[in-house]
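**Q** Take a look at this one; I'll ask things after.
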Amino acid sequence: MEQEPEEDAQAHPREHNLDEQDNSQVSSESQKKPVKAKRRIPETFFYSYEDVYSGPYATDDTEIPTDLLTLKHSFGYDCTRAVNLMIMDRHTVGYIAGNQVVLQNLRTKYQKYVRSSGGGGIGFITAHPNKEYFAVGEKGKKPDIVIYTYPSVRPYRILKGGTEVAYVFGDFNRTGTLLASIGSSPDYMLTIWDWKQEETLLRSKAFAQDVYKVMFSAETEKHLTSAGSGHIRFWKMALTLTGLKLQGALGRFGKTAVSDIIGFVELPDGKVVSGTEWGNFLLWEGGLIKVELCQVGHRPCHEGPINQLVFDEGDLYSVGKDGFIRMWNFEVVDTADSVDSTGLVEMEPMNELWLGKNVSLNFMTKIRDHGQPFWYAQDTNGAIWKLDLTFSNTTHNPERVCTFHSGGIEAVGVSPLTCLMATTALDWSVRIYDFGSNSQLGVIKFKQGGTALTWAPAVVNPEGGQIAVGFEDGVVRIIEVYDPKLLPGHEEEETNEIVGINLKQVFKPHGAAVTALAYEPKGDVFATGSKDKTVFFFGIEDEYRPIGFICVPGPVQALHWSPPSHDKSTLLILCENGFAVQVPAPLPEEHDTATTYHIKTLPTQYFHFYSIKSKIKLEEEIARREKEKQKKEKARLEWIKQQKEMGLEVEETEEEEPEEEPLPDIYVPEEPSPILCGFYSAPGKFWLSLGGYDSGFLYHCEFSHDDEEDPEKRKDEPFEVIPMENTDSNPIHQISFCTSNPLMFCGMQDGSLRAYPLSAEGVSVGALKDYWYLNVHDNDNGQIRGICLSHDNGCLITYGGDGNIFTFDLLSEEELPKDVEVIIPPPRSGLESEKGTEDIRDPDAYTIEECKQKKEYERKMKEAEEKKNKKREELRALRQDFVFLLQKNQELPKHMQLQRKEFEMDRKVFEELDRQRLQRIQLVQKELAWENEKQLIGLQKLQTQFRDSLEFTLTVHAIQSNHQISTYSLLTVSEKYTQDKKQEDSKWEVLKEKRTAPKETEQAEEEIPIKTGHVHRESVVFEDEDEMLETPEVRKSTTRYIESRHEKIRRLVEKYDALKAKIMKRRAEWNELYKSKPRDNHKNARDAEEIKEARENIGCYRLKTATNYTLTEEDHISTEKKMMQLAVLEDLIHEMKMNMNKEIVSLRDLKVSTIDEIKSLVKEVKSIQASLDVSEHLPVPLIPQLHPDEVPEKIVEYNSDVLLKFKEEQEAKAKLTEPLEGCSSSRAFRHVFLQTLPVEEGHPMAQAGDASAVVTDEQNAFGMEKAELTEMELEILKREKIKNLYLQETLIKKINMLVINFDAEFHLLRHKKLKMDVQMKSAALRCLTCCEELLILKKLQVHEDVLEEQICALINEQEDIQSKLKSYLAQMEDRKSEIVMLQERQKALYASFEASLGEDNEFADFLTNVLKKEAEYVEKEEVGREADEKNENEEEDDEKPDLKTDEENCGSEDVVLGDSVCPEGCSEDLFLNTIQLRQQRMGIEKALAEEKKIATDLRKEYDALAVKAKKIETSLDTTNRELEAFQWEKLHRLNELDVVVPLRLHQVHCLVDGEMPRDFSQTLVFTNQSLQYLRKRIVDQRNEKRMQREIHKKAKEQYKELLQDKKEMEKEIKRLEERCNDLMMEKFGRLVDFEAVQVHSVNIPMEQMKVRIMEKEYEHFMELKEWEERIVDLQHQLTQLTRENTSKLHQLNRFCHEKHQLETELESLMTGQGAELEGSRSADLKETARLESRLVNITCEVAFLREHINHGRVCEVKELAFLSRKGGCLFLQALPQDSETPTLCSETVTNNPSHP
């Protein structure tokens, strides 16, 4: 860890003195970690930083020193973390950068680094309230929290065991004594630490989803709040009986939408304010949302999520993602309460600060600078702000103190000449850094994010100031870095710019993000790769000139040019989807780019990676198993050797190998693994690192020469692999080589950096076993995206996905100069006078190829247009000639003119043109069919939304007056009320179904048994019939007898069914008769209806305000009833208005028809007046006109003419703004052609013209030849005149009559509508009253629901208790019966004892005492056994009173012992009987006591339940009374409403002295109908009373007659019963039940069983006979086989004797001596061999015979055993033994247990 500069070190002398004091007090033992003993950790205890931090790691055999890299500077900032800012003092901020915490001095830019202790990354940092400590929560397996002191940065405390994987957030309490931490998935553990003693005070799982924050309350330190994904939780540290507990209450959102909560704060009074995703505040109280806060106009408090809420010095601050910091009035927030159903409360911020458009704030914290408060804020767009939130006149402007990249770093390029580097990211910026002095020099921003960057080599730009940057929209920009001070004319100017950045050239080669840029080593070609699967090549001159592009099989991952050592310059293209492509460098002059830049002739080699990892794993598994086998075999041989050395003989038998598991199958992933990086190794060869399944190896690959194959179908395997340790789940993402030191640096997915030493051969198998390792970036999202080395290999640069850029000093044997001043490249000559390059700002701009294709298309279209123009000129000339010919033809005489058809050269041409035109029209219709349907549907939706929901309001005007009548404005009826009505109707239907369902079920239950009985009997009969049919017809006596029995059973069944049917019929008649009998409490339905009607119309009109007014169940008013009432009223109003509207519309239609008729009449009048003189003309009435408001539907009607007119208007407007296009000569030609075309002879217009010409000629001729009229003609004219005058007058009268009739109809309808308007006003007032009542009911509904729920709960509880009481009563009755039974048994026992004694027994007293005595010791032993099994304590308590009673009764132990001995002279049987009776008596008494105890307990429980039931009944009555009182109160509230009742003067009858009263408060409003009904009802009641008296009198007389008839019928029934009984006694001798006799007279099942038994016996008899015949046959076979076996046994016996003799001879030959043996050695050997072979043959034959014999014997015995088994025993007949059978044979046979 570096030392701080002197100025920073001098700023805190107190801390250094304290450190020295601490060091003097801490011993060497205190540097060790404390043990787990419960002891206090001293305040002066510190850990050693060297023991805590995680340093680099190197394998054992590596020669790389551990200090290979030294962290020099961190240029990045992980600003996307939720909280990554910590303020330690006014100049120092802390933040997390990968695996270290950076403490940066904002004034000097000096950085101090604190590395993580476990190497797994850092989860959170937080500062102590007094800034003397800060906590670092780490990530990894079982991570720690390390507390460091500040500013000495020494590890002070280490907290262990707080979570499993990672810490997310931590917070100190206000006093700093406690620390709360939150863990991540999977445990989400909340832990409260006494951090100074490294103890866990409390812990609990915070939630089951992600938890973002936990914070202590600023006022109450025992309160905490945690929040996260879709939840917020409120915690309390409560002191319980078992100690301090952590209790969490989950916040319930209720009606508010569930939101992720990031920012929250607890207010001083315990309420909590939290933010939401949509930008509003939620005020929590008691675990519930009290109110939701927003700005005025329901605008959210912030546009987007609220990331932090801060309560500071009485002000509430909110930090939003929208870049605003707003200050709110705490009192308004704290006292907010909802005022309406929305739950929203509006408020305005007191002050607000907006930092800018591209600012998104996550977190801010406060620090004091010279007594003035300042805030530092974290901006997720890559900045740290210093803010002044005092909101006064002296408030400082916001200051951006640090700027960084936002998000992951995409690319970094290093200058080839100096210590400059360029970086880019998706935050639209390119930054220039000096990593020598650790400073940022400049930044330039664009409209898109950067995705690739490379610094041009010196061969391209010798000054080293040119950079190529690729962007996510496919644009590549060439920028220049220069020293602005060296520009001509700017030498003496003072500027703040350290470097100047100039945009030199912009081009867009790709349509997707640029992913790779590469310069050829010679500097002639520049290549770009993209995600659009193309690689573009540029020639490098003064500007970059496009050469062309090629297409590759997948998105480009990387581009690598071959090194200069290779013969040819080739480009290695690595694709993400597993493809590698190699192409040579293209030359500009080789490819034609006139029409396209696509290069199709470039030689291309493909390599499609085919996974071999599974094969490698399989080979390793086979090798492992083979190695284990060899190891086991070696151990076995070693053991055998040891046994032999010990002198033990060991049989070297091969052990059976255990069955091995099957080898795994070869697996190839369906989707190819992505290529992460690669590099050339030799010409045509390269190394690859892959991700996904194929990670864990470096693959050495080679391009094949078979380029004709389809790349997609290739399956290329690498020829060499290098396994990389611990990379299966952590693949290599980047590889870079150091030329000064032979090292290969690898950037890993987990953000770590590896260094492998290389030999002279470079990367090869076996060379990458040892490595050096260091965790640098974040382990979760900090994968290393690039590794760069400086121009002198003295500095290593890494950048990753966590937004961090680290520079390291690389250890080198040569001493590198320190603090080298950076050399900024000079500006290019002429740069100051150049015009700025125009940038591509549109992300959808054309690419280079698209521009080329567009130009080519435009060229082709221009050529085509030129050809069209030439053809048009030719056609124009031909048309002019044709027109000239037509004109000449017209000038000729008619007989010489050619017809129009004669000009047509070929009619088929026009037919073909018409056909083509129709085809084009149909094609256009098909193409526009979807669009047409879409527009039609859109039109329908618009009409449905805006027109169909409305009913047009039209106004009808009178013709002769200014009166008018309008329709009512109506909307469609609300669906809500119609649904409520449907629900009510469905409820009534459900109730009806419930009422009718029990009756139907009862009827069904009554019918089912009868039907099932018949079905059962019929099924039995049918089964019997089936059995009879299936039984084969055997013409024997047995079968005939069985058939006769079947027939008999059939007749019995038919007789029984007939009898049963008769009984059932009689029983059904009796049931019907009893059903018709009325019950005792029967009420006539008609009478009940009349009584109900009388009660309803009894005429008792109590006022609702009266105290004696009672509410019935039907009078209870509820919200549903009122809503239904309102819906019915609105429906009625709507219906009446609809009817009136229909009448008005029909009146309008009448006016339209009247106008049409008037028009026709006026036309006739005018035609008549044409023949009259002008002086005789009567004035023609005016034709009435329709007003526009009489036909409003015309507004939305349209036709094709309207649409065409609208289109012409739109085109005219467009022509005013745009220049004229198209050829005007063609339009002019068409105009001339149409004008000059002659009209055909057959055309109707021509005919009309000819006719008119003829008429005019005739008129002229008539005028010229006019003469005087004759008298006849004059008379005819006079008559015509009179007729015309009459018709004129009649038609005019008719017109006037039509107008008068219409006006009359109009006035009638107008009068009717005026009356209806009055009714509608009254109905509207009624609706208003209903709405007011509905509002009151809704307010009171909550309390009513509570009361009804209480009543329901009490009723349910009452029912449960009643059921329990019934069960207890039943149990008590059972106990009583048991007690009575035991008492009876006790009496019976004493009676049996008295009987056993007999008369005058001298031992009667003794035996009586024995019977009554308690067997103390015997009972004690039995009780002891039971006590061992059950419970000793209870039995001891039960025995103590028994012992006392025994002592009182017996007096001594001897007597008790004497009872067990029978006295002399007493019968021993009698004594034993007495002892047994005593035991029975004691058992009965014990059982009796238990039953009484159970009965007593049941009685107690029953009494308790009865008391409870009484209480519940009382509570139920009270609640019912409360509900009645509430109903009365509700009615009273409704009665307080004012109801408007309009009355006329004649309706007021309560006059005072003939005048209207001034006060109507004591009057009633009554309808005339009700009054008339009451008056009529008086007369009706008198008549009804008279009629009821007469009916009552007749009913009394009828009742007396019925009683008399009943007595006589009872006497007759009694007489008939006595006669029936006498007859039964005479016939049967006793009274019997005839129905039972009839039922049991025929036992059908028994008869059926008898028949079945007979059938089975017959079948068994036949089967048994067959088996006996088969047994006889098998016995004969057994005899034959036994004889054969006997002969074979004889032969076996002979073979045994021969064997014995041969063995004897052999032994004698073997024991011979001397020369006899030697002389006949050869003969003996031959004889021995012959005998041995014979012996072997005989042995084999004997074995074969034995096997054959045993097999035959077993088969025979099994068959005999099966046939002869009966009752579980074997009955085999003994066969006579053959006398010739030897002993051996007999022994062999008898040894077989199956042989007789």
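The chains in the structure tokens are called A, B, ... from first to last as shown; in each chain the residues are counted from 1, and the ligands are counted from 1 in the order shown.
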For A:Ser392, work out the shell of residues within 12 Å, counting only C-alpha atoms and skipping chain neighbours fewer than 4 positions away, then give it as a list in words.
**A**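 The residues that qualify are Asn351, Glu352, Asp388, His396 and Asn397 of chain A.
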**Q** When you look at stretch 1503-1506 of chain A with a cut-off of 10 Å (counting only C-alpha atoms), what residues show up, excluding the ones that are within fewer than 5 positions of it in the same chain? I need them as a PDB file with all heavy atoms, in the first residue's frame.
**A**
ATOM      1  N   ILE A1361     -71.623 -24.642  18.964  1.00  0.00           N
ATOM      2  CA  ILE A1361     -71.840 -24.999  20.380  1.00  0.00           C
ATOM      3  C   ILE A1361     -73.071 -25.886  20.521  1.00  0.00           C
ATOM      4  O   ILE A1361     -73.073 -26.847  21.318  1.00  0.00           O
ATOM      5  CB  ILE A1361     -71.965 -23.709  21.222  1.00  0.00           C
ATOM      6  CG1 ILE A1361     -70.602 -23.007  21.287  1.00  0.00           C
ATOM      7  CG2 ILE A1361     -72.466 -24.019  22.616  1.00  0.00           C
ATOM      8  CD1 ILE A1361     -70.619 -21.691  22.001  1.00  0.00           C
ATOM      9  N   GLN A1362     -74.116 -25.600  19.753  1.00  0.00           N
ATOM     10  CA  GLN A1362     -75.309 -26.448  19.834  1.00  0.00           C
ATOM     11  C   GLN A1362     -74.998 -27.875  19.394  1.00  0.00           C
ATOM     12  O   GLN A1362     -75.459 -28.839  20.016  1.00  0.00           O
ATOM     13  CB  GLN A1362     -76.423 -25.861  18.941  1.00  0.00           C
ATOM     14  CG  GLN A1362     -76.998 -24.546  19.446  1.00  0.00           C
ATOM     15  CD  GLN A1362     -77.722 -24.691  20.780  1.00  0.00           C
ATOM     16  OE1 GLN A1362     -78.198 -25.773  21.127  1.00  0.00           O
ATOM     17  NE2 GLN A1362     -77.783 -23.599  21.543  1.00  0.00           N
ATOM     18  N   LYS A1364     -72.090 -29.290  19.636  1.00  0.00           N
ATOM     19  CA  LYS A1364     -71.292 -29.883  20.730  1.00  0.00           C
ATOM     20  C   LYS A1364     -72.190 -30.278  21.892  1.00  0.00           C
ATOM     21  O   LYS A1364     -72.003 -31.342  22.506  1.00  0.00           O
ATOM     22  CB  LYS A1364     -70.224 -28.898  21.181  1.00  0.00           C
ATOM     23  CG  LYS A1364     -69.097 -28.712  20.188  1.00  0.00           C
ATOM     24  CD  LYS A1364     -68.061 -27.750  20.734  1.00  0.00           C
ATOM     25  CE  LYS A1364     -66.930 -27.537  19.734  1.00  0.00           C
ATOM     26  NZ  LYS A1364     -65.930 -26.580  20.225  1.00  0.00           N
ATOM     27  N   LEU A1365     -73.160 -29.428  22.220  1.00  0.00           N
ATOM     28  CA  LEU A1365     -74.074 -29.764  23.315  1.00  0.00           C
ATOM     29  C   LEU A1365     -74.845 -31.045  23.004  1.00  0.00           C
ATOM     30  O   LEU A1365     -75.023 -31.910  23.885  1.00  0.00           O
ATOM     31  CB  LEU A1365     -75.047 -28.605  23.556  1.00  0.00           C
ATOM     32  CG  LEU A1365     -74.461 -27.348  24.221  1.00  0.00           C
ATOM     33  CD1 LEU A1365     -75.498 -26.232  24.229  1.00  0.00           C
ATOM     34  CD2 LEU A1365     -74.019 -27.657  25.654  1.00  0.00           C
ATOM     35  N   TYR A1368     -72.512 -33.897  23.500  1.00  0.00           N
ATOM     36  CA  TYR A1368     -72.293 -34.162  24.931  1.00  0.00           C
ATOM     37  C   TYR A1368     -73.511 -34.846  25.551  1.00  0.00           C
ATOM     38  O   TYR A1368     -73.383 -35.751  26.396  1.00  0.00           O
ATOM     39  CB  TYR A1368     -71.987 -32.866  25.666  1.00  0.00           C
ATOM     40  CG  TYR A1368     -70.556 -32.408  25.492  1.00  0.00           C
ATOM     41  CD1 TYR A1368     -70.234 -31.064  25.409  1.00  0.00           C
ATOM     42  CD2 TYR A1368     -69.518 -33.330  25.402  1.00  0.00           C
ATOM     43  CE1 TYR A1368     -68.926 -30.633  25.223  1.00  0.00           C
ATOM     44  CE2 TYR A1368     -68.209 -32.911  25.235  1.00  0.00           C
ATOM     45  CZ  TYR A1368     -67.917 -31.568  25.141  1.00  0.00           C
ATOM     46  OH  TYR A1368     -66.629 -31.165  24.978  1.00  0.00           O
ATOM     47  N   ASP A1497     -67.423 -35.385  34.354  1.00  0.00           N
ATOM     48  CA  ASP A1497     -66.661 -34.470  33.488  1.00  0.00           C
ATOM     49  C   ASP A1497     -67.511 -33.980  32.328  1.00  0.00           C
ATOM     50  O   ASP A1497     -67.462 -32.798  31.957  1.00  0.00           O
ATOM     51  CB  ASP A1497     -65.412 -35.170  32.946  1.00  0.00           C
ATOM     52  CG  ASP A1497     -64.431 -35.508  34.064  1.00  0.00           C
ATOM     53  OD1 ASP A1497     -64.531 -34.885  35.139  1.00  0.00           O
ATOM     54  OD2 ASP A1497     -63.570 -36.395  33.860  1.00  0.00           O
ATOM     55  N   LEU A1498     -68.278 -34.899  31.733  1.00  0.00           N
ATOM     56  CA  LEU A1498     -69.140 -34.496  30.630  1.00  0.00           C
ATOM     57  C   LEU A1498     -70.170 -33.471  31.087  1.00  0.00           C
ATOM     58  O   LEU A1498     -70.482 -32.514  30.354  1.00  0.00           O
ATOM     59  CB  LEU A1498     -69.835 -35.718  30.017  1.00  0.00           C
ATOM     60  CG  LEU A1498     -68.960 -36.654  29.183  1.00  0.00           C
ATOM     61  CD1 LEU A1498     -69.735 -37.896  28.797  1.00  0.00           C
ATOM     62  CD2 LEU A1498     -68.471 -35.940  27.924  1.00  0.00           C
ATOM     63  N   LYS A1511     -74.144 -16.924  26.822  1.00  0.00           N
ATOM     64  CA  LYS A1511     -73.440 -15.662  26.570  1.00  0.00           C
ATOM     65  C   LYS A1511     -73.499 -15.296  25.087  1.00  0.00           C
ATOM     66  O   LYS A1511     -73.714 -14.133  24.723  1.00  0.00           O
ATOM     67  CB  LYS A1511     -71.988 -15.777  27.023  1.00  0.00           C
ATOM     68  CG  LYS A1511     -71.809 -15.854  28.518  1.00  0.00           C
ATOM     69  CD  LYS A1511     -70.332 -15.947  28.879  1.00  0.00           C
ATOM     70  CE  LYS A1511     -70.137 -16.015  30.390  1.00  0.00           C
ATOM     71  NZ  LYS A1511     -68.705 -16.148  30.741  1.00  0.00           N
ATOM     72  N   ILE A1512     -73.286 -16.315  24.242  1.00  0.00           N
ATOM     73  CA  ILE A1512     -73.315 -16.042  22.794  1.00  0.00           C
ATOM     74  C   ILE A1512     -74.699 -15.585  22.367  1.00  0.00           C
ATOM     75  O   ILE A1512     -74.861 -14.678  21.551  1.00  0.00           O
ATOM     76  CB  ILE A1512     -72.873 -17.292  22.015  1.00  0.00           C
ATOM     77  CG1 ILE A1512     -71.384 -17.541  22.238  1.00  0.00           C
ATOM     78  CG2 ILE A1512     -73.174 -17.154  20.540  1.00  0.00           C
ATOM     79  CD1 ILE A1512     -70.877 -18.837  21.662  1.00  0.00           C
TER      80      ILE A1512
END
**Q** Within stretch 31-143 of chain A, find each residue whose DSSP state, derived from the backbone, is helix (DSSP H, G or I), and express the selection as a list in words.
**A**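 DSSP on the backbone gives helix (DSSP H, G or I) at Gln31, Tyr49, Glu50, Asp51 and Val52 of chain A.
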**Q** Excluding A:Gln1350 and any residue of its chain fewer than 4 positions from it, enumerate the residues within 8 Å of it, using only C-alpha atoms, and give them as a count of residues only.
**A** 3
**Q** Residues within 10 Å of A:Gln440, please, as a short mmCIF file (atom, residue, chain, number, x, y, z; two decimals) with all heavy atoms, in the first residue's frame. Count only C-alpha atoms; anything in the same chain fewer than 5 positions from it doesn't count.
**A**
data_model
loop_
_atom_site.label_atom_id
_atom_site.label_comp_id
_atom_site.auth_asym_id
_atom_site.auth_seq_id
_atom_site.Cartn_x
_atom_site.Cartn_y
_atom_site.Cartn_z
N PHE A 75 -8.50 4.61 -13.24
CA PHE A 75 -9.11 5.68 -14.02
C PHE A 75 -10.63 5.53 -14.10
O PHE A 75 -11.28 6.38 -14.68
CB PHE A 75 -8.53 5.68 -15.43
CG PHE A 75 -7.12 6.17 -15.49
CD1 PHE A 75 -6.07 5.28 -15.52
CD2 PHE A 75 -6.83 7.52 -15.51
CE1 PHE A 75 -4.77 5.72 -15.58
CE2 PHE A 75 -5.54 7.97 -15.56
CZ PHE A 75 -4.48 7.07 -15.59
N THR A 403 -15.14 13.16 -13.43
CA THR A 403 -15.90 12.58 -14.53
C THR A 403 -15.24 11.27 -14.95
O THR A 403 -14.01 11.15 -14.93
CB THR A 403 -15.98 13.53 -15.73
OG1 THR A 403 -14.65 13.80 -16.19
CG2 THR A 403 -16.68 14.81 -15.38
N PHE A 404 -16.06 10.33 -15.31
CA PHE A 404 -15.59 9.00 -15.71
C PHE A 404 -16.48 8.50 -16.84
O PHE A 404 -17.47 9.13 -17.22
CB PHE A 404 -15.67 8.01 -14.54
CG PHE A 404 -15.03 8.49 -13.27
CD1 PHE A 404 -15.77 9.19 -12.32
CD2 PHE A 404 -13.70 8.24 -13.02
CE1 PHE A 404 -15.19 9.62 -11.16
CE2 PHE A 404 -13.10 8.67 -11.85
CZ PHE A 404 -13.86 9.37 -10.91
N LEU A 420 0.14 7.77 -23.67
CA LEU A 420 -1.23 8.19 -23.88
C LEU A 420 -2.09 6.97 -24.16
O LEU A 420 -1.64 6.02 -24.82
CB LEU A 420 -1.33 9.17 -25.05
CG LEU A 420 -0.73 10.55 -24.88
CD1 LEU A 420 -0.89 11.35 -26.15
CD2 LEU A 420 -1.36 11.29 -23.71
N MET A 421 -3.32 7.02 -23.68
CA MET A 421 -4.28 5.97 -24.02
C MET A 421 -5.64 6.61 -24.27
O MET A 421 -5.97 7.65 -23.68
CB MET A 421 -4.39 4.91 -22.91
CG MET A 421 -5.02 5.37 -21.63
SD MET A 421 -5.26 4.00 -20.47
CE MET A 421 -5.89 4.87 -19.04
N ALA A 422 -6.39 5.99 -25.17
CA ALA A 422 -7.74 6.43 -25.50
C ALA A 422 -8.72 5.34 -25.10
O ALA A 422 -8.45 4.15 -25.28
CB ALA A 422 -7.85 6.73 -26.99
N ARG A 431 -12.32 9.30 -24.43
CA ARG A 431 -11.49 10.05 -23.47
C ARG A 431 -10.02 9.74 -23.72
O ARG A 431 -9.66 8.60 -24.06
CB ARG A 431 -11.88 9.71 -22.03
CG ARG A 431 -13.33 10.07 -21.70
CD ARG A 431 -13.74 9.60 -20.32
NE ARG A 431 -15.16 9.84 -20.11
CZ ARG A 431 -15.66 10.95 -19.55
NH1 ARG A 431 -14.82 11.90 -19.13
NH2 ARG A 431 -16.95 11.11 -19.41
N ILE A 432 -9.20 10.75 -23.49
CA ILE A 432 -7.75 10.65 -23.64
C ILE A 432 -7.13 10.81 -22.25
O ILE A 432 -7.41 11.78 -21.54
CB ILE A 432 -7.19 11.72 -24.60
CG1 ILE A 432 -7.97 11.71 -25.92
CG2 ILE A 432 -5.71 11.50 -24.84
CD1 ILE A 432 -7.89 10.41 -26.69
N TYR A 433 -6.29 9.82 -21.87
CA TYR A 433 -5.63 9.83 -20.56
C TYR A 433 -4.13 9.82 -20.74
O TYR A 433 -3.60 9.24 -21.71
CB TYR A 433 -6.04 8.61 -19.75
CG TYR A 433 -7.49 8.57 -19.32
CD1 TYR A 433 -8.43 7.85 -20.04
CD2 TYR A 433 -7.92 9.26 -18.20
CE1 TYR A 433 -9.75 7.80 -19.66
CE2 TYR A 433 -9.24 9.23 -17.80
CZ TYR A 433 -10.15 8.49 -18.54
OH TYR A 433 -11.46 8.45 -18.15
N ASP A 434 -3.47 10.43 -19.77
CA ASP A 434 -2.01 10.32 -19.64
C ASP A 434 -1.76 9.39 -18.46
O ASP A 434 -1.91 9.80 -17.30
CB ASP A 434 -1.41 11.70 -19.40
CG ASP A 434 0.09 11.63 -19.12
OD1 ASP A 434 0.68 10.56 -19.33
OD2 ASP A 434 0.65 12.65 -18.67
N PHE A 435 -1.42 8.12 -18.75
CA PHE A 435 -1.21 7.19 -17.63
C PHE A 435 0.19 7.31 -17.04
O PHE A 435 0.52 6.58 -16.12
CB PHE A 435 -1.49 5.75 -18.08
CG PHE A 435 -0.69 5.25 -19.25
CD1 PHE A 435 0.59 4.74 -19.06
CD2 PHE A 435 -1.20 5.30 -20.53
CE1 PHE A 435 1.32 4.27 -20.14
CE2 PHE A 435 -0.48 4.84 -21.60
CZ PHE A 435 0.80 4.33 -21.42
N ILE A 498 -5.59 20.72 -22.61
CA ILE A 498 -4.27 20.09 -22.61
C ILE A 498 -4.02 19.43 -23.95
O ILE A 498 -2.91 19.50 -24.49
CB ILE A 498 -4.18 19.06 -21.46
CG1 ILE A 498 -4.44 19.77 -20.13
CG2 ILE A 498 -2.83 18.36 -21.46
CD1 ILE A 498 -4.50 18.82 -18.96
N VAL A 499 -5.03 18.75 -24.48
CA VAL A 499 -4.91 18.17 -25.80
C VAL A 499 -6.10 18.65 -26.64
O VAL A 499 -7.16 18.96 -26.11
CB VAL A 499 -4.90 16.62 -25.75
CG1 VAL A 499 -3.71 16.11 -25.00
CG2 VAL A 499 -6.20 16.09 -25.17
#
**Q** I'd like the neighbourhood of stretch 162-179 of chain A as a ChimeraX atom specification, where a residue qualifies if any of its atoms comes within 10 Å (using only C-alpha atoms), though same-chain residues fewer than 5 positions away should be ignored.
**A** /A:82-83,120-131,133-145,184-196,200-201,203,210-224
**Q** Distance atom CA of A:Glu1513-atom CA of A:Asp1360, one decimal place?
**A**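 Interatomic distance, atom CA of A:Glu1513 to atom CA of A:Asp1360: 12.6 Å.
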**Q** So that I can check the surroundings of A:Cys788, please list as a PyMOL selection string every protein, DNA and RNA residue that reaches within 9 Å of it, counting only C-alpha atoms and ignoring chain neighbours fewer than 3 positions away.
**A** chain A and resi 412-414+736-737+795-799
**Q** So, counting only C-alpha atoms, which residue among A:Gly766, A:Gly691, A:Pro731, A:Gly161 is closest to A:Leu753?
**A**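 Counting only C-alpha atoms, the residue closest to A:Leu753 is A:Pro731.
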**Q** Report as an NGL selection string: the residues of stretch 646-782 of chain A with a DSSP assignment of strand (DSSP E or B), based on the backbone of this structure.
**A** :A and (675-682 or 685-690 or 697-702 or 716 or 720-723 or 732-738 or 743-748 or 752-757 or 759 or 762 or 772-775)
**Q** Show me, as a list in words, the residues that have an atom within 7 Å of stretch 599-614 of chain A when counting only C-alpha atoms, minus same-chain residues fewer than 4 positions from it.
**A**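 Near neighbours after the sequence-gap exclusion: Gly548, Phe549, Ile550, Gly578, Phe579, Ala580, Val581, Gln582, Val583, Leu618, Ile666, Tyr667, Val668, Asp694, Phe703, Asp707, Pro711, Arg714, Lys715, Asp716 and Glu717 of chain A.
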**Q** Atom CA of A:Phe1566 and atom CA of A:Asp1538, how far apart in Å?
**A**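 Atom CA of A:Phe1566 lies at a distance of 16.8 Å from atom CA of A:Asp1538.
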**Q** Rank A:Ala468, A:Ala1058, A:Ile1578, A:Leu486 by their smallest atom-to-atom distance to A:Tyr544, using only C-alpha atoms, and report the top residue only.
**A**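 Comparing A:Ala468, A:Ala1058, A:Ile1578, A:Leu486 against A:Tyr544, the winner is A:Ala468.
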